[in-house]
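The file protein.pdb contains PDB, C-alpha atoms:
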ATOM      1  CA  MET Y   1      17.480 -16.757  20.188
ATOM      2  CA  GLU Y   2      17.085 -13.438  21.966
ATOM      3  CA  LEU Y   3      13.503 -12.553  22.839
ATOM      4  CA  GLN Y   4      11.898  -9.159  23.313
ATOM      5  CA  THR Y   5       9.142  -8.815  25.852
ATOM      6  CA  GLY Y   6       5.943  -6.853  25.421
ATOM      7  CA  VAL Y   7       3.583  -5.147  27.838
ATOM      8  CA  PHE Y   8       2.139  -8.426  29.057
ATOM      9  CA  ASP Y   9       5.540 -10.135  29.166
ATOM     10  CA  THR Y  10       4.713 -11.987  25.985
ATOM     11  CA  ALA Y  11       7.807 -13.282  24.252
ATOM     12  CA  VAL Y  12       8.073 -11.840  20.736
ATOM     13  CA  PRO Y  13      10.635 -13.554  18.549
ATOM     14  CA  PRO Y  14      12.523 -10.927  16.511
ATOM     15  CA  ILE Y  15      11.420 -12.586  13.263
ATOM     16  CA  ALA Y  16       7.862 -13.583  14.162
ATOM     17  CA  ASP Y  17       5.331 -14.117  11.396
ATOM     18  CA  ASP Y  18       2.510 -11.621  10.907
ATOM     19  CA  ALA Y  19      -0.254 -13.954  12.107
ATOM     20  CA  PHE Y  20       1.543 -14.505  15.419
ATOM     21  CA  LEU Y  21       2.130 -10.782  15.845
ATOM     22  CA  LEU Y  22      -1.519 -10.014  15.059
ATOM     23  CA  SER Y  23      -2.633 -12.457  17.742
ATOM     24  CA  LEU Y  24      -0.372 -10.641  20.218
ATOM     25  CA  VAL Y  25      -1.765  -7.260  19.143
ATOM     26  CA  GLN Y  26      -5.281  -8.609  19.792
ATOM     27  CA  SER Y  27      -4.250  -9.345  23.346
ATOM     28  CA  GLY Y  28      -2.932  -5.773  23.755
ATOM     29  CA  ASP Y  29       0.793  -6.375  23.258
ATOM     30  CA  GLU Y  30       2.385  -3.005  22.409
ATOM     31  CA  GLN Y  31       5.697  -4.631  21.445
ATOM     32  CA  ALA Y  32       3.946  -6.676  18.762
ATOM     33  CA  VAL Y  33       2.420  -3.577  17.159
ATOM     34  CA  ALA Y  34       5.825  -1.876  17.427
ATOM     35  CA  THR Y  35       7.380  -4.816  15.579
ATOM     36  CA  LEU Y  36       4.713  -4.577  12.860
ATOM     37  CA  PHE Y  37       5.302  -0.826  12.671
ATOM     38  CA  ASP Y  38       9.036  -1.386  12.195
ATOM     39  CA  ARG Y  39       8.282  -3.983   9.533
ATOM     40  CA  TYR Y  40       5.677  -2.076   7.487
ATOM     41  CA  SER Y  41       5.877   1.647   8.276
ATOM     42  CA  ARG Y  42       8.171   2.385   5.333
ATOM     43  CA  THR Y  43       5.802   0.697   2.908
ATOM     44  CA  VAL Y  44       2.724   2.452   4.322
ATOM     45  CA  TYR Y  45       4.481   5.821   4.358
ATOM     46  CA  SER Y  46       5.790   5.370   0.796
ATOM     47  CA  VAL Y  47       2.324   4.595  -0.554
ATOM     48  CA  ALA Y  48       0.818   7.585   1.273
ATOM     49  CA  LEU Y  49       3.604   9.897   0.113
ATOM     50  CA  ARG Y  50       3.240   8.684  -3.480
ATOM     51  CA  VAL Y  51      -0.475   9.487  -3.479
ATOM     52  CA  LEU Y  52      -0.423  12.694  -1.415
ATOM     53  CA  SER Y  53       2.932  14.230  -2.408
ATOM     54  CA  ASP Y  54       3.064  15.779   1.057
ATOM     55  CA  ALA Y  55       5.215  14.418   3.878
ATOM     56  CA  ALA Y  56       3.043  15.755   6.713
ATOM     57  CA  SER Y  57      -0.135  14.281   5.230
ATOM     58  CA  ALA Y  58       1.646  10.977   4.562
ATOM     59  CA  GLU Y  59       2.717  10.875   8.224
ATOM     60  CA  ASP Y  60      -0.916  11.458   9.257
ATOM     61  CA  VAL Y  61      -2.021   8.537   7.095
ATOM     62  CA  LEU Y  62       0.765   6.379   8.544
ATOM     63  CA  GLN Y  63      -0.481   7.162  12.043
ATOM     64  CA  GLU Y  64      -4.118   6.490  11.095
ATOM     65  CA  VAL Y  65      -3.291   3.107   9.570
ATOM     66  CA  PHE Y  66      -1.374   1.865  12.597
ATOM     67  CA  LEU Y  67      -3.954   3.279  15.015
ATOM     68  CA  GLN Y  68      -6.569   1.271  13.148
ATOM     69  CA  LEU Y  69      -4.356  -1.822  13.424
ATOM     70  CA  TRP Y  70      -4.008  -1.221  17.174
ATOM     71  CA  ARG Y  71      -7.708  -0.506  17.767
ATOM     72  CA  THR Y  72      -9.189  -3.228  15.543
ATOM     73  CA  PRO Y  73      -6.572  -5.935  15.017
ATOM     74  CA  GLY Y  74      -9.345  -8.497  14.448
ATOM     75  CA  SER Y  75     -10.199  -6.826  11.139
ATOM     76  CA  PHE Y  76      -6.717  -7.688   9.836
ATOM     77  CA  THR Y  77      -6.073 -11.263   8.851
ATOM     78  CA  THR Y  78      -3.301 -12.899   6.914
ATOM     79  CA  ASP Y  79      -5.677 -15.427   5.291
ATOM     80  CA  GLY Y  80      -6.474 -13.409   2.158
ATOM     81  CA  GLY Y  81      -2.967 -12.160   1.460
ATOM     82  CA  SER Y  82      -0.055 -10.500   3.163
ATOM     83  CA  LEU Y  83      -0.519  -8.061   6.009
ATOM     84  CA  GLY Y  84       1.870  -5.669   4.288
ATOM     85  CA  GLY Y  85      -0.342  -5.670   1.212
ATOM     86  CA  ARG Y  86      -3.463  -5.013   3.285
ATOM     87  CA  LEU Y  87      -1.753  -2.140   5.095
ATOM     88  CA  ALA Y  88      -0.564  -0.666   1.784
ATOM     89  CA  VAL Y  89      -4.072  -0.798   0.328
ATOM     90  CA  LEU Y  90      -5.468   0.783   3.498
ATOM     91  CA  ALA Y  91      -2.836   3.538   3.245
ATOM     92  CA  ARG Y  92      -3.733   4.094  -0.397
ATOM     93  CA  ASN Y  93      -7.437   4.343   0.387
ATOM     94  CA  ARG Y  94      -6.893   6.695   3.338
ATOM     95  CA  SER Y  95      -4.583   8.823   1.185
ATOM     96  CA  ILE Y  96      -7.114   9.076  -1.611
ATOM     97  CA  ASP Y  97      -9.772  10.107   0.911
ATOM     98  CA  ALA Y  98      -7.450  12.798   2.253
ATOM     99  CA  LEU Y  99      -6.636  13.934  -1.267
ATOM    100  CA  ARG Y 100     -10.305  14.266  -2.166
ATOM    101  CA  ARG Y 101     -10.999  16.258   0.998
ATOM    102  CA  ARG Y 102      -8.216  18.766   0.520
ATOM    103  CA  ARG Y 103      -8.119  19.754  -3.157
ATOM    104  CA  PRO Y 104      -9.343  19.067  -6.660
ATOM    105  CA  ILE Y 105      -7.839  16.120  -8.492
ATOM    106  CA  ASN Y 106      -4.441  16.747 -10.120
ATOM    107  CA  LEU Y 107      -3.352  15.227 -13.376
ATOM    108  CA  ILE Y 108      -1.239  12.114 -12.935
ATOM    109  CA  ASP Y 109       1.764  13.815 -14.597
ATOM    110  CA  ALA Y 110       1.806  16.487 -11.871
ATOM    111  CA  ILE Y 111       2.284  13.991  -9.031
ATOM    112  CA  ALA Y 112       5.897  13.522  -7.988
ATOM    113  CA  LEU Y 113       7.169   9.985  -7.663
ATOM    114  CA  GLY Y 114       8.792   9.081  -4.361
ATOM    115  CA  SER Y 115      12.353   7.911  -4.495
ATOM    116  CA  PRO Y 116      12.938   4.258  -3.667
ATOM    117  CA  SER Y 117      14.423   3.634  -0.234
ATOM    118  CA  ASP Y 118      17.226   1.250   0.560
ATOM    119  CA  LEU Y 119      15.502  -1.472   2.572
ATOM    120  CA  ALA Y 120      18.338  -3.978   2.895
ATOM    121  CA  ARG Y 121      16.598  -6.132   5.492
ATOM    122  CA  GLU Y 122      13.499  -6.245   3.324
ATOM    123  CA  ALA Y 123      15.250  -7.494   0.207
ATOM    124  CA  GLY Y 124      12.371  -9.757  -0.783
ATOM    125  CA  ARG Y 125       9.964  -6.859  -0.780
ATOM    126  CA  ASN Y 126      12.394  -4.773  -2.789
ATOM    127  CA  ARG Y 127      12.671  -7.457  -5.447
ATOM    128  CA  PHE Y 128       8.890  -7.731  -5.614
ATOM    129  CA  ALA Y 129       8.481  -3.951  -5.894
ATOM    130  CA  GLU Y 130      11.139  -3.741  -8.601
ATOM    131  CA  ARG Y 131       9.479  -6.519 -10.540
ATOM    132  CA  ALA Y 132       6.119  -4.741 -10.277
ATOM    133  CA  ARG Y 133       7.704  -1.486 -11.439
ATOM    134  CA  LYS Y 134       9.246  -3.197 -14.467
ATOM    135  CA  LEU Y 135       5.965  -4.869 -15.337
ATOM    136  CA  LEU Y 136       4.129  -1.550 -15.107
ATOM    137  CA  HIS Y 137       6.606   0.068 -17.475
ATOM    138  CA  GLN Y 138       6.162  -2.810 -19.934
ATOM    139  CA  LEU Y 139       2.429  -2.158 -20.155
ATOM    140  CA  PRO Y 140       1.233  -0.069 -23.095
ATOM    141  CA  SER Y 141       1.179   3.599 -22.046
ATOM    142  CA  GLY Y 142      -2.632   3.845 -22.179
ATOM    143  CA  GLN Y 143      -3.068   0.875 -19.870
ATOM    144  CA  ARG Y 144      -0.347   2.078 -17.511
ATOM    145  CA  LYS Y 145      -1.752   5.607 -17.304
ATOM    146  CA  ALA Y 146      -5.297   4.325 -16.695
ATOM    147  CA  LEU Y 147      -4.025   1.968 -13.992
ATOM    148  CA  GLU Y 148      -2.066   4.745 -12.280
ATOM    149  CA  MET Y 149      -5.058   7.096 -12.403
ATOM    150  CA  ALA Y 150      -7.344   4.453 -10.930
ATOM    151  CA  PHE Y 151      -4.965   3.111  -8.276
ATOM    152  CA  PHE Y 152      -2.953   6.139  -7.146
ATOM    153  CA  ASP Y 153      -5.481   8.913  -7.784
ATOM    154  CA  GLY Y 154      -8.608   6.912  -6.985
ATOM    155  CA  LEU Y 155     -10.381   8.076 -10.118
ATOM    156  CA  THR Y 156     -13.497   6.344 -11.353
ATOM    157  CA  HIS Y 157     -13.786   4.919 -14.862
ATOM    158  CA  ARG Y 158     -15.858   7.931 -15.892
ATOM    159  CA  GLU Y 159     -13.331  10.434 -14.464
ATOM    160  CA  ILE Y 160     -10.474   8.698 -16.270
ATOM    161  CA  ALA Y 161     -12.484   8.739 -19.501
ATOM    162  CA  GLU Y 162     -13.126  12.472 -19.128
ATOM    163  CA  MET Y 163      -9.458  13.219 -18.470
ATOM    164  CA  THR Y 164      -8.115  11.054 -21.294
ATOM    165  CA  GLY Y 165     -10.875  11.638 -23.843
ATOM    166  CA  GLU Y 166     -11.406   7.874 -24.212
ATOM    167  CA  PRO Y 167     -14.814   6.179 -24.011
ATOM    168  CA  VAL Y 168     -15.621   4.613 -20.635
ATOM    169  CA  SER Y 169     -15.668   1.156 -22.223
ATOM    170  CA  THR Y 170     -12.119   1.673 -23.519
ATOM    171  CA  VAL Y 171     -10.947   2.761 -20.051
ATOM    172  CA  LYS Y 172     -12.548  -0.325 -18.499
ATOM    173  CA  SER Y 173     -10.935  -2.580 -21.107
ATOM    174  CA  SER Y 174      -7.532  -0.958 -20.579
ATOM    175  CA  LEU Y 175      -7.737  -1.402 -16.818
ATOM    176  CA  ARG Y 176      -8.896  -5.002 -17.093
ATOM    177  CA  SER Y 177      -6.147  -5.859 -19.587
ATOM    178  CA  ALA Y 178      -3.508  -4.213 -17.386
ATOM    179  CA  LEU Y 179      -4.670  -6.040 -14.256
ATOM    180  CA  LEU Y 180      -4.829  -9.371 -16.077
ATOM    181  CA  ALA Y 181      -1.311  -8.867 -17.437
ATOM    182  CA  LEU Y 182      -0.003  -8.060 -13.959
ATOM    183  CA  ARG Y 183      -1.806 -11.028 -12.398
ATOM    184  CA  GLU Y 184      -0.434 -13.368 -15.035
ATOM    185  CA  ALA Y 185       3.094 -12.036 -14.549
ATOM    186  CA  PHE Y 186       2.942 -12.713 -10.801
ATOM    187  CA  GLN Y 187       1.514 -16.221 -11.049
ATOM    188  CA  PRO Y 188       4.021 -18.866  -9.937
TER     189      PRO Y 188
END
Spit out the file's structure as structure tokens when you get a sec.
Amino acid sequence: MELQTGVFDTAVPPIADDAFLLSLVQSGDEQAVATLFDRYSRTVYSVALRVLSDAASAEDVLQEVFLQLWRTPGSFTTDGGSLGGRLAVLARNRSIDALRRRRPINLIDAIALGSPSDLAREAGRNRFAERARKLLHQLPSGQRKALEMAFFDGLTHREIAEMTGEPVSTVKSSLRSALLALREAFQP
């Protein structure tokens, strides 16, 4: 097996698991963070672009997320889920913050969807994303729209209720039902 060497001559297997790479990042290994960047930058960028609809702002979020990983690798663990998922959520949150700082909230219909990328070496992630997309489209439109407004636009229950004309309790019920349906669909 060919090995790549990092700043501290640490051997990084080309297909190292995230926990191993995080431990190398904690010791200051630039090659390990570069490997994680290669592995997850497309996902982080896609989430940011989906929320912000602006390539330059999405690139800024991408940089912020990986700078945070480099500066505070101890705050990232693989115990509570996948590192890719944590980075995607961080990108989403940073994007929503940027969106709130720069302009008033747009309606969900006005936000352009990013086109899916061909990630041949990440086939497992592609299958998961496709499955999630199909499950979202199978949700009733009210649940799907509420979920998109909450997740991608970062709207509160009250803001969603104001935009849709539904009572807050109905919005909460729709979101809960949608999340439960998605959780159940992804259970082994």
Interatomic distance (Å, one decimal) between atom CA of Y:Leu83 and atom CA of Y:Ile96: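 Taking atom CA of Y:Leu83 and atom CA of Y:Ile96, their separation equals 19.9 Å.
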Can you list, as an mmCIF file with C-alpha atoms, keeping the file's coordinate frame, the residues that the PyMOL selection byres ((chain Y and resi 47-59) around 9) selects here?
data_model
loop_
_atom_site.group_PDB
_atom_site.id
_atom_site.type_symbol
_atom_site.label_atom_id
_atom_site.label_comp_id
_atom_site.auth_asym_id
_atom_site.auth_seq_id
_atom_site.Cartn_x
_atom_site.Cartn_y
_atom_site.Cartn_z
ATOM 1 C CA ARG Y 42 8.171 2.385 5.333
ATOM 2 C CA THR Y 43 5.802 0.697 2.908
ATOM 3 C CA VAL Y 44 2.724 2.452 4.322
ATOM 4 C CA TYR Y 45 4.481 5.821 4.358
ATOM 5 C CA SER Y 46 5.790 5.370 0.796
ATOM 6 C CA ASP Y 60 -0.916 11.458 9.257
ATOM 7 C CA VAL Y 61 -2.021 8.537 7.095
ATOM 8 C CA LEU Y 62 0.765 6.379 8.544
ATOM 9 C CA GLN Y 63 -0.481 7.162 12.043
ATOM 10 C CA GLU Y 64 -4.118 6.490 11.095
ATOM 11 C CA ALA Y 88 -0.564 -0.666 1.784
ATOM 12 C CA VAL Y 89 -4.072 -0.798 0.328
ATOM 13 C CA ALA Y 91 -2.836 3.538 3.245
ATOM 14 C CA ARG Y 92 -3.733 4.094 -0.397
ATOM 15 C CA ASN Y 93 -7.437 4.343 0.387
ATOM 16 C CA ARG Y 94 -6.893 6.695 3.338
ATOM 17 C CA SER Y 95 -4.583 8.823 1.185
ATOM 18 C CA ILE Y 96 -7.114 9.076 -1.611
ATOM 19 C CA ALA Y 98 -7.450 12.798 2.253
ATOM 20 C CA LEU Y 99 -6.636 13.934 -1.267
ATOM 21 C CA ILE Y 111 2.284 13.991 -9.031
ATOM 22 C CA ALA Y 112 5.897 13.522 -7.988
ATOM 23 C CA LEU Y 113 7.169 9.985 -7.663
ATOM 24 C CA GLY Y 114 8.792 9.081 -4.361
ATOM 25 C CA PHE Y 152 -2.953 6.139 -7.146
ATOM 26 C CA ASP Y 153 -5.481 8.913 -7.784
#
Length of the atom CA of Y:Pro73 to atom CA of Y:Ala32 vector [Å]: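 Separation between atom CA of Y:Pro73 and atom CA of Y:Ala32: 11.2 Å.
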Resolved residues for the PyMOL selection byres ((chain Y and resi 175) around 9) as a tab-separated table (two decimals) with C-alpha atoms, keeping the file's coordinate frame:
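Final output, result26.tsv:
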chain	number	residue	atom	x	y	z
Y	143	GLN	CA	-3.07	0.88	-19.87
Y	144	ARG	CA	-0.35	2.08	-17.51
Y	146	ALA	CA	-5.30	4.32	-16.70
Y	147	LEU	CA	-4.03	1.97	-13.99
Y	150	ALA	CA	-7.34	4.45	-10.93
Y	157	HIS	CA	-13.79	4.92	-14.86
Y	170	THR	CA	-12.12	1.67	-23.52
Y	171	VAL	CA	-10.95	2.76	-20.05
Y	172	LYS	CA	-12.55	-0.32	-18.50
Y	173	SER	CA	-10.94	-2.58	-21.11
Y	174	SER	CA	-7.53	-0.96	-20.58
Y	176	ARG	CA	-8.90	-5.00	-17.09
Y	177	SER	CA	-6.15	-5.86	-19.59
Y	178	ALA	CA	-3.51	-4.21	-17.39
Y	179	LEU	CA	-4.67	-6.04	-14.26
Y	180	LEU	CA	-4.83	-9.37	-16.08
Residues near Y:Leu135, cut-off 12 Å, all atoms listed in the file, skip fewer than 2 positions along chain, as a ChimeraX atom specification: /Y:128-133,137-141,143-144,178-186
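Comparing Y:Asp17, Y:Arg158, Y:Asp29, Y:Glu166 by their smallest distance to Y:Trp70, the closest is Y:Asp29 (using only C-alpha atoms).
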Close residues, Y:Glu159 itself excluded, 10 Å, all atoms listed in the file, min 4 positions apart in chain, as a ChimeraX atom specification: /Y:105,149-150,154-155,163-165,168,171
Computed interatomic separation between atom CA of Y:Thr77 and atom CA of Y:Ser23 (Å): 9.6 Å
Among listed residues Y:Ser169, Y:Leu24, Y:Asp18, Y:Ala34, nearest Y:Arg86 (using only C-alpha atoms):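 Smallest separation from Y:Arg86 among the options: Y:Asp18.
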Just the residues within 10 Å of Y:Ala16, please, counting all atoms listed in the file, with nothing from its chain fewer than 4 positions along; format it as a compact mmCIF listing (two decimals) with C-alpha atoms, in the coordinates of the input.
# COMPACT_ATOMS: atom_id res chain seq x y z
CA VAL Y 12 8.07 -11.84 20.74
CA PHE Y 20 1.54 -14.50 15.42
CA LEU Y 21 2.13 -10.78 15.84
CA ALA Y 32 3.95 -6.68 18.76
CA THR Y 35 7.38 -4.82 15.58
CA LEU Y 36 4.71 -4.58 12.86
Since the input lacks atoms, please generate N, CA and C atoms for stretch 45-77 of chain Y and provide them as a compact mmCIF listing (two decimals), in the coordinates of the input.
# COMPACT_ATOMS: atom_id res chain seq x y z
N TYR Y 45 4.11 4.43 4.58
CA TYR Y 45 4.48 5.82 4.36
C TYR Y 45 4.77 6.09 2.88
N SER Y 46 5.46 5.19 2.22
CA SER Y 46 5.79 5.37 0.80
C SER Y 46 4.54 5.44 -0.07
N VAL Y 47 3.58 4.57 0.21
CA VAL Y 47 2.32 4.60 -0.55
C VAL Y 47 1.60 5.91 -0.31
N ALA Y 48 1.51 6.33 0.95
CA ALA Y 48 0.82 7.58 1.27
C ALA Y 48 1.53 8.78 0.64
N LEU Y 49 2.85 8.79 0.70
CA LEU Y 49 3.60 9.90 0.11
C LEU Y 49 3.45 9.93 -1.40
N ARG Y 50 3.41 8.76 -2.02
CA ARG Y 50 3.24 8.68 -3.48
C ARG Y 50 1.90 9.28 -3.89
N VAL Y 51 0.86 9.00 -3.13
CA VAL Y 51 -0.48 9.49 -3.48
C VAL Y 51 -0.63 10.96 -3.11
N LEU Y 52 -0.16 11.35 -1.93
CA LEU Y 52 -0.42 12.69 -1.42
C LEU Y 52 0.62 13.74 -1.80
N SER Y 53 1.83 13.31 -2.09
CA SER Y 53 2.93 14.23 -2.41
C SER Y 53 3.15 15.26 -1.30
N ASP Y 54 2.90 14.87 -0.07
CA ASP Y 54 3.06 15.78 1.06
C ASP Y 54 3.48 14.95 2.27
N ALA Y 55 4.67 15.23 2.79
CA ALA Y 55 5.22 14.42 3.88
C ALA Y 55 4.35 14.47 5.13
N ALA Y 56 3.85 15.64 5.49
CA ALA Y 56 3.04 15.76 6.71
C ALA Y 56 1.75 14.96 6.59
N SER Y 57 1.10 15.04 5.44
CA SER Y 57 -0.14 14.28 5.23
C SER Y 57 0.15 12.78 5.19
N ALA Y 58 1.28 12.39 4.61
CA ALA Y 58 1.65 10.98 4.56
C ALA Y 58 1.90 10.46 5.98
N GLU Y 59 2.50 11.28 6.83
CA GLU Y 59 2.72 10.88 8.22
C GLU Y 59 1.38 10.71 8.95
N ASP Y 60 0.41 11.59 8.65
CA ASP Y 60 -0.92 11.46 9.26
C ASP Y 60 -1.57 10.14 8.85
N VAL Y 61 -1.45 9.80 7.57
CA VAL Y 61 -2.02 8.54 7.10
C VAL Y 61 -1.32 7.36 7.76
N LEU Y 62 0.00 7.43 7.87
CA LEU Y 62 0.76 6.38 8.54
C LEU Y 62 0.24 6.17 9.96
N GLN Y 63 0.03 7.25 10.68
CA GLN Y 63 -0.48 7.16 12.04
C GLN Y 63 -1.89 6.57 12.06
N GLU Y 64 -2.75 7.01 11.15
CA GLU Y 64 -4.12 6.49 11.10
C GLU Y 64 -4.14 4.98 10.84
N VAL Y 65 -3.31 4.52 9.93
CA VAL Y 65 -3.29 3.11 9.57
C VAL Y 65 -2.87 2.26 10.78
N PHE Y 66 -1.83 2.67 11.47
CA PHE Y 66 -1.37 1.86 12.60
C PHE Y 66 -2.27 2.02 13.83
N LEU Y 67 -2.95 3.16 13.95
CA LEU Y 67 -3.95 3.28 15.02
C LEU Y 67 -5.11 2.33 14.76
N GLN Y 68 -5.51 2.21 13.49
CA GLN Y 68 -6.57 1.27 13.15
C GLN Y 68 -6.12 -0.16 13.44
N LEU Y 69 -4.88 -0.48 13.12
CA LEU Y 69 -4.36 -1.82 13.42
C LEU Y 69 -4.39 -2.07 14.93
N TRP Y 70 -4.02 -1.07 15.72
CA TRP Y 70 -4.01 -1.22 17.17
C TRP Y 70 -5.42 -1.35 17.73
N ARG Y 71 -6.35 -0.52 17.22
CA ARG Y 71 -7.71 -0.51 17.77
C ARG Y 71 -8.55 -1.69 17.33
N THR Y 72 -8.37 -2.13 16.07
CA THR Y 72 -9.19 -3.23 15.54
C THR Y 72 -8.32 -4.28 14.87
N PRO Y 73 -7.46 -4.94 15.63
CA PRO Y 73 -6.57 -5.94 15.02
C PRO Y 73 -7.35 -7.13 14.45
N GLY Y 74 -8.55 -7.38 14.95
CA GLY Y 74 -9.35 -8.50 14.45
C GLY Y 74 -9.79 -8.31 13.01
N SER Y 75 -9.79 -7.06 12.52
CA SER Y 75 -10.20 -6.83 11.14
C SER Y 75 -9.06 -7.10 10.15
N PHE Y 76 -7.87 -7.38 10.68
CA PHE Y 76 -6.72 -7.69 9.84
C PHE Y 76 -6.43 -9.17 9.97
N THR Y 77 -6.44 -9.85 8.85
CA THR Y 77 -6.07 -11.26 8.85
C THR Y 77 -5.01 -11.48 7.80
